[in-house]
Amino acid sequence: MNIGIDHGYYAIKTRHCSFPAGLTAYGSHEPYTRQGLLEFGGFFYLRHRTAANPARQNHQRQLLPADADALAQEIRSRGAPTECTIRIAAGLPLTSYGRDKPKFRSYLLRSSQPVQFRYEGVEYSITIADVQLFPQGFAALMAEPDLLTDEPSLLLMDIGGWTVDLMRTDNALPVAETAHSLELGMIRCIDEIRERVRQETGLSLTDAQIEQMLAGQPCSLADEVRSIVNKQGRLYTERLFSAVMEAGFDLHAMPLVMLGGGACIVNRHVSPKDGLCRVIPLLDDRVNAIGFERTLGRVQGAVSEG
């Protein structure tokens, strides 16, 4: 069984699931709830929203609880056996792909086999047979392959929690030397909004409240607060497009494929005055994970045919 995992700084995504990247450790004492409770290596963990993802920062020899949690949720979503053998398809940004690929693959693969843990009271025993890594953004296009044949050139913009990763494709092929990363992810936007609202109203908003309003969803706050949030969302979008143009990508001449966790928010704040050539939003934040999985399937098919 192939399982694609997109390790974001803000969220971890699989084909069927998307959830916060952070885990709170409760030591050897069981916490107050079994909902989302992971028992791993003799310790208890619960998920929480965080800006940091240990899987991207610490390449350790043992599979971290964050990935055990992700595998459990995806296996349960598929109705697959809790004792199984899997192949992980994951990804890295093109700007660090060659540098980080060996250690990230080792991090995912070197765990003692099988990996054993308990999630929400259910025991799992998972053997990781292989790990394949693919470039983020481009692999996501495997979920929308027609885009690569409709346009001779595209700009991929993967809007994550911490970074915005950019890359051009020409004639359905990635142009590796155009890979660029901007530290302008949604965490920066949310932090700036929180501070602006605090300065102007004295209120301290949560990430969830800010995200809800940026997405245009209901939230029990005054119109004044909503106005501040949306104004800042528009300013962030303008600053992001300006930074992309400064990096050498002409958004007036080249279609923009927008994906990642921040795509739905930025897409909502696009204005006709931006003068963009064409915006193609891939708003499902699981699209990278789906793309990794489909790419692995194609690789396996090509090997079988060979």
# chains A, B, ... in the order shown; residues from 1 in each chain; ligands from 1
>>> select_by_dssp(residues="region 104-215 of chain A", states="helix (DSSP H, G or I)", output="PyMOL selection string")
chain A and resi 104-109+139-143+147-150+186-201+207-214
>>> residues_around(residues="Ile187 (chain A)", least_positions_apart="6", cutoff="10 Å", atoms="only C-alpha atoms", output="MDAnalysis selection string")
chainID A and resid 9:10 50:51 160:163 193 207 262
>>> closest_residue(among="A:Thr82, A:Thr95, A:Ser77, A:Gln113", to="Val175 (chain A)", atoms="only C-alpha atoms")
A:Thr95
>>> select_by_dssp(residues="region 5-246 of chain A", states="strand (DSSP E or B)", output="number ranges by chain")
A: 6-7, 11-13, 18-20, 22-25, 38-40, 43-48, 83-92, 115-119, 122-135, 153-159, 164-170, 173-182
>>> residues_around(residues="region 272-288 of chain A", least_positions_apart="6", cutoff="7 Å", atoms="only C-alpha atoms", output="PDB file with N, CA, C and O atoms, in the first residue's frame")
ATOM      1  N   ASP A   6       2.466  14.729   3.097  1.00  0.00           N
ATOM      2  CA  ASP A   6       2.994  16.079   2.875  1.00  0.00           C
ATOM      3  C   ASP A   6       3.317  16.677   4.238  1.00  0.00           C
ATOM      4  O   ASP A   6       2.431  17.005   5.013  1.00  0.00           O
ATOM      5  N   LYS A  13      -0.470  16.466   5.796  1.00  0.00           N
ATOM      6  CA  LYS A  13      -1.567  16.032   4.960  1.00  0.00           C
ATOM      7  C   LYS A  13      -1.287  14.658   4.359  1.00  0.00           C
ATOM      8  O   LYS A  13      -0.135  14.350   4.030  1.00  0.00           O
ATOM      9  N   THR A  14      -2.339  13.861   4.255  1.00  0.00           N
ATOM     10  CA  THR A  14      -2.303  12.614   3.500  1.00  0.00           C
ATOM     11  C   THR A  14      -3.432  12.678   2.473  1.00  0.00           C
ATOM     12  O   THR A  14      -4.089  13.700   2.333  1.00  0.00           O
ATOM     13  N   ARG A  15      -3.660  11.583   1.746  1.00  0.00           N
ATOM     14  CA  ARG A  15      -4.687  11.618   0.710  1.00  0.00           C
ATOM     15  C   ARG A  15      -6.068  11.971   1.262  1.00  0.00           C
ATOM     16  O   ARG A  15      -6.825  12.717   0.645  1.00  0.00           O
ATOM     17  N   SER A  18      -6.058  15.929   6.834  1.00  0.00           N
ATOM     18  CA  SER A  18      -5.244  17.123   7.030  1.00  0.00           C
ATOM     19  C   SER A  18      -5.402  17.535   8.483  1.00  0.00           C
ATOM     20  O   SER A  18      -6.527  17.670   8.972  1.00  0.00           O
ATOM     21  N   GLN A 136       8.063  18.904  -4.224  1.00  0.00           N
ATOM     22  CA  GLN A 136       6.764  19.491  -3.918  1.00  0.00           C
ATOM     23  C   GLN A 136       6.322  20.412  -5.053  1.00  0.00           C
ATOM     24  O   GLN A 136       7.136  20.972  -5.763  1.00  0.00           O
ATOM     25  N   GLY A 137       5.051  20.601  -5.174  1.00  0.00           N
ATOM     26  CA  GLY A 137       4.528  21.489  -6.196  1.00  0.00           C
ATOM     27  C   GLY A 137       4.396  20.780  -7.528  1.00  0.00           C
ATOM     28  O   GLY A 137       3.283  20.548  -8.007  1.00  0.00           O
ATOM     29  N   ALA A 139       5.039  17.616  -8.200  1.00  0.00           N
ATOM     30  CA  ALA A 139       4.355  16.339  -7.979  1.00  0.00           C
ATOM     31  C   ALA A 139       2.856  16.550  -7.808  1.00  0.00           C
ATOM     32  O   ALA A 139       2.048  15.694  -8.179  1.00  0.00           O
ATOM     33  N   ALA A 140       2.465  17.699  -7.238  1.00  0.00           N
ATOM     34  CA  ALA A 140       1.043  17.983  -7.040  1.00  0.00           C
ATOM     35  C   ALA A 140       0.294  18.043  -8.354  1.00  0.00           C
ATOM     36  O   ALA A 140      -0.914  17.775  -8.404  1.00  0.00           O
ATOM     37  N   ALA A 143      -2.057  15.376  -9.713  1.00  0.00           N
ATOM     38  CA  ALA A 143      -3.484  15.361  -9.399  1.00  0.00           C
ATOM     39  C   ALA A 143      -4.290  16.112 -10.455  1.00  0.00           C
ATOM     40  O   ALA A 143      -5.508  15.932 -10.553  1.00  0.00           O
ATOM     41  N   LEU A 251       4.029  37.686 -13.442  1.00  0.00           N
ATOM     42  CA  LEU A 251       2.672  37.192 -13.224  1.00  0.00           C
ATOM     43  C   LEU A 251       1.680  37.753 -14.228  1.00  0.00           C
ATOM     44  O   LEU A 251       0.564  37.239 -14.343  1.00  0.00           O
ATOM     45  N   HIS A 252       2.067  38.804 -14.960  1.00  0.00           N
ATOM     46  CA  HIS A 252       1.184  39.358 -15.980  1.00  0.00           C
ATOM     47  C   HIS A 252       1.280  38.570 -17.286  1.00  0.00           C
ATOM     48  O   HIS A 252       0.394  38.668 -18.136  1.00  0.00           O
ATOM     49  N   ALA A 253       2.341  37.778 -17.427  1.00  0.00           N
ATOM     50  CA  ALA A 253       2.578  37.074 -18.687  1.00  0.00           C
ATOM     51  C   ALA A 253       2.443  35.563 -18.573  1.00  0.00           C
ATOM     52  O   ALA A 253       2.363  34.879 -19.601  1.00  0.00           O
ATOM     53  N   MET A 254       2.419  35.030 -17.348  1.00  0.00           N
ATOM     54  CA  MET A 254       2.464  33.585 -17.168  1.00  0.00           C
ATOM     55  C   MET A 254       1.361  33.131 -16.215  1.00  0.00           C
ATOM     56  O   MET A 254       1.169  33.718 -15.155  1.00  0.00           O
ATOM     57  N   PRO A 255       0.610  32.086 -16.578  1.00  0.00           N
ATOM     58  CA  PRO A 255      -0.423  31.563 -15.675  1.00  0.00           C
ATOM     59  C   PRO A 255       0.176  31.096 -14.351  1.00  0.00           C
ATOM     60  O   PRO A 255       1.293  30.564 -14.309  1.00  0.00           O
ATOM     61  N   LEU A 256      -0.585  31.300 -13.300  1.00  0.00           N
ATOM     62  CA  LEU A 256      -0.149  30.982 -11.945  1.00  0.00           C
ATOM     63  C   LEU A 256      -0.969  29.830 -11.401  1.00  0.00           C
ATOM     64  O   LEU A 256      -2.201  29.908 -11.305  1.00  0.00           O
ATOM     65  N   VAL A 257      -0.292  28.727 -11.050  1.00  0.00           N
ATOM     66  CA  VAL A 257      -0.940  27.604 -10.370  1.00  0.00           C
ATOM     67  C   VAL A 257      -0.692  27.770  -8.880  1.00  0.00           C
ATOM     68  O   VAL A 257       0.445  27.699  -8.418  1.00  0.00           O
ATOM     69  N   MET A 258      -1.748  28.021  -8.148  1.00  0.00           N
ATOM     70  CA  MET A 258      -1.656  28.323  -6.725  1.00  0.00           C
ATOM     71  C   MET A 258      -2.114  27.115  -5.914  1.00  0.00           C
ATOM     72  O   MET A 258      -3.221  26.617  -6.098  1.00  0.00           O
ATOM     73  N   LEU A 259      -1.254  26.611  -5.035  1.00  0.00           N
ATOM     74  CA  LEU A 259      -1.600  25.456  -4.224  1.00  0.00           C
ATOM     75  C   LEU A 259      -1.005  25.597  -2.836  1.00  0.00           C
ATOM     76  O   LEU A 259      -0.339  26.578  -2.532  1.00  0.00           O
ATOM     77  N   GLY A 260      -1.275  24.622  -1.985  1.00  0.00           N
ATOM     78  CA  GLY A 260      -0.793  24.667  -0.615  1.00  0.00           C
ATOM     79  C   GLY A 260      -1.863  25.158   0.337  1.00  0.00           C
ATOM     80  O   GLY A 260      -2.947  25.610  -0.068  1.00  0.00           O
ATOM     81  N   GLY A 261      -1.566  25.093   1.627  1.00  0.00           N
ATOM     82  CA  GLY A 261      -2.544  25.444   2.648  1.00  0.00           C
ATOM     83  C   GLY A 261      -3.043  26.871   2.584  1.00  0.00           C
ATOM     84  O   GLY A 261      -4.164  27.164   2.995  1.00  0.00           O
ATOM     85  N   ALA A 263      -3.442  28.641  -0.249  1.00  0.00           N
ATOM     86  CA  ALA A 263      -3.951  28.986  -1.577  1.00  0.00           C
ATOM     87  C   ALA A 263      -5.373  29.526  -1.528  1.00  0.00           C
ATOM     88  O   ALA A 263      -5.702  30.494  -2.219  1.00  0.00           O
ATOM     89  N   CYS A 264      -6.237  28.916  -0.720  1.00  0.00           N
ATOM     90  CA  CYS A 264      -7.636  29.365  -0.692  1.00  0.00           C
ATOM     91  C   CYS A 264      -7.738  30.783  -0.133  1.00  0.00           C
ATOM     92  O   CYS A 264      -8.593  31.573  -0.570  1.00  0.00           O
TER      93      CYS A 264
END
>>> residues_around(residues="Ile88 (chain A)", least_positions_apart="5", cutoff="7 Å", atoms="only C-alpha atoms", output="MDAnalysis selection string")
chainID A and resid 2:4 130:132
>>> write_last_selection(atoms="C-alpha atoms", output="CSV table (one decimal), in the first residue's frame")
chain,number,residue,atom,x,y,z
A,2,ASN,CA,1.3,3.4,-1.0
A,3,ILE,CA,0.7,6.4,1.4
A,4,GLY,CA,1.6,10.0,0.4
A,130,ASP,CA,10.3,1.8,1.1
A,131,VAL,CA,10.4,5.6,1.0
A,132,GLN,CA,10.4,7.7,-2.2
>>> atom_distance(atom1="CA of Gly121 (chain A)", atom2="CA of Arg34 (chain A)")
7.4 Å
>>> atom_distance(atom1="CA of Asp191 (chain A)", atom2="CA of Leu166 (chain A)")
22.3 Å
>>> residues_around(residues="Leu46 (chain A)", least_positions_apart="3", cutoff="7 Å", atoms="only C-alpha atoms", output="PyMOL selection string")
chain A and resi 23-25+36-38
>>> write_last_selection(atoms="N, CA, C and O atoms", output="PDB file, in the first residue's frame")
ATOM      1  N   LEU A  23       2.559  18.263  18.111  1.00  0.00           N
ATOM      2  CA  LEU A  23       2.134  17.269  19.094  1.00  0.00           C
ATOM      3  C   LEU A  23       2.516  17.754  20.491  1.00  0.00           C
ATOM      4  O   LEU A  23       3.607  18.272  20.694  1.00  0.00           O
ATOM      5  N   THR A  24       1.599  17.592  21.433  1.00  0.00           N
ATOM      6  CA  THR A  24       1.898  17.862  22.835  1.00  0.00           C
ATOM      7  C   THR A  24       2.175  16.531  23.520  1.00  0.00           C
ATOM      8  O   THR A  24       1.369  15.609  23.459  1.00  0.00           O
ATOM      9  N   ALA A  25       3.347  16.421  24.146  1.00  0.00           N
ATOM     10  CA  ALA A  25       3.723  15.195  24.850  1.00  0.00           C
ATOM     11  C   ALA A  25       3.207  15.232  26.293  1.00  0.00           C
ATOM     12  O   ALA A  25       3.370  16.236  26.985  1.00  0.00           O
ATOM     13  N   GLY A  36      -7.966  11.435  19.334  1.00  0.00           N
ATOM     14  CA  GLY A  36      -6.689  11.810  18.754  1.00  0.00           C
ATOM     15  C   GLY A  36      -5.489  11.402  19.583  1.00  0.00           C
ATOM     16  O   GLY A  36      -4.388  11.893  19.351  1.00  0.00           O
ATOM     17  N   LEU A  37      -5.682  10.492  20.531  1.00  0.00           N
ATOM     18  CA  LEU A  37      -4.601  10.116  21.451  1.00  0.00           C
ATOM     19  C   LEU A  37      -3.679   9.076  20.812  1.00  0.00           C
ATOM     20  O   LEU A  37      -4.117   8.027  20.351  1.00  0.00           O
ATOM     21  N   LEU A  38      -2.389   9.386  20.812  1.00  0.00           N
ATOM     22  CA  LEU A  38      -1.365   8.497  20.285  1.00  0.00           C
ATOM     23  C   LEU A  38      -0.490   8.006  21.425  1.00  0.00           C
ATOM     24  O   LEU A  38      -0.022   8.795  22.253  1.00  0.00           O
TER      25      LEU A  38
END
>>> atom_distance(atom1="CA of Arg294 (chain A)", atom2="CA of Pro135 (chain A)")
12.9 Å
>>> closest_residue(among="A:Gln116, A:His16, A:Pro102, A:Ser125", to="Gly79 (chain A)", atoms="only C-alpha atoms")
A:His16
>>> closest_residue(among="A:Tyr45, A:Leu94, A:Phe40, A:Met142", to="Glu123 (chain A)", atoms="only C-alpha atoms")
A:Phe40
>>> closest_residue(among="A:Leu235, A:Leu147, A:Leu154, A:Val115", to="Ser271 (chain A)", atoms="only C-alpha atoms")
A:Leu235
>>> closest_residue(among="A:Met213, A:Val299, A:Ala243, A:Ala222", to="Arg268 (chain A)", atoms="only C-alpha atoms")
A:Met213
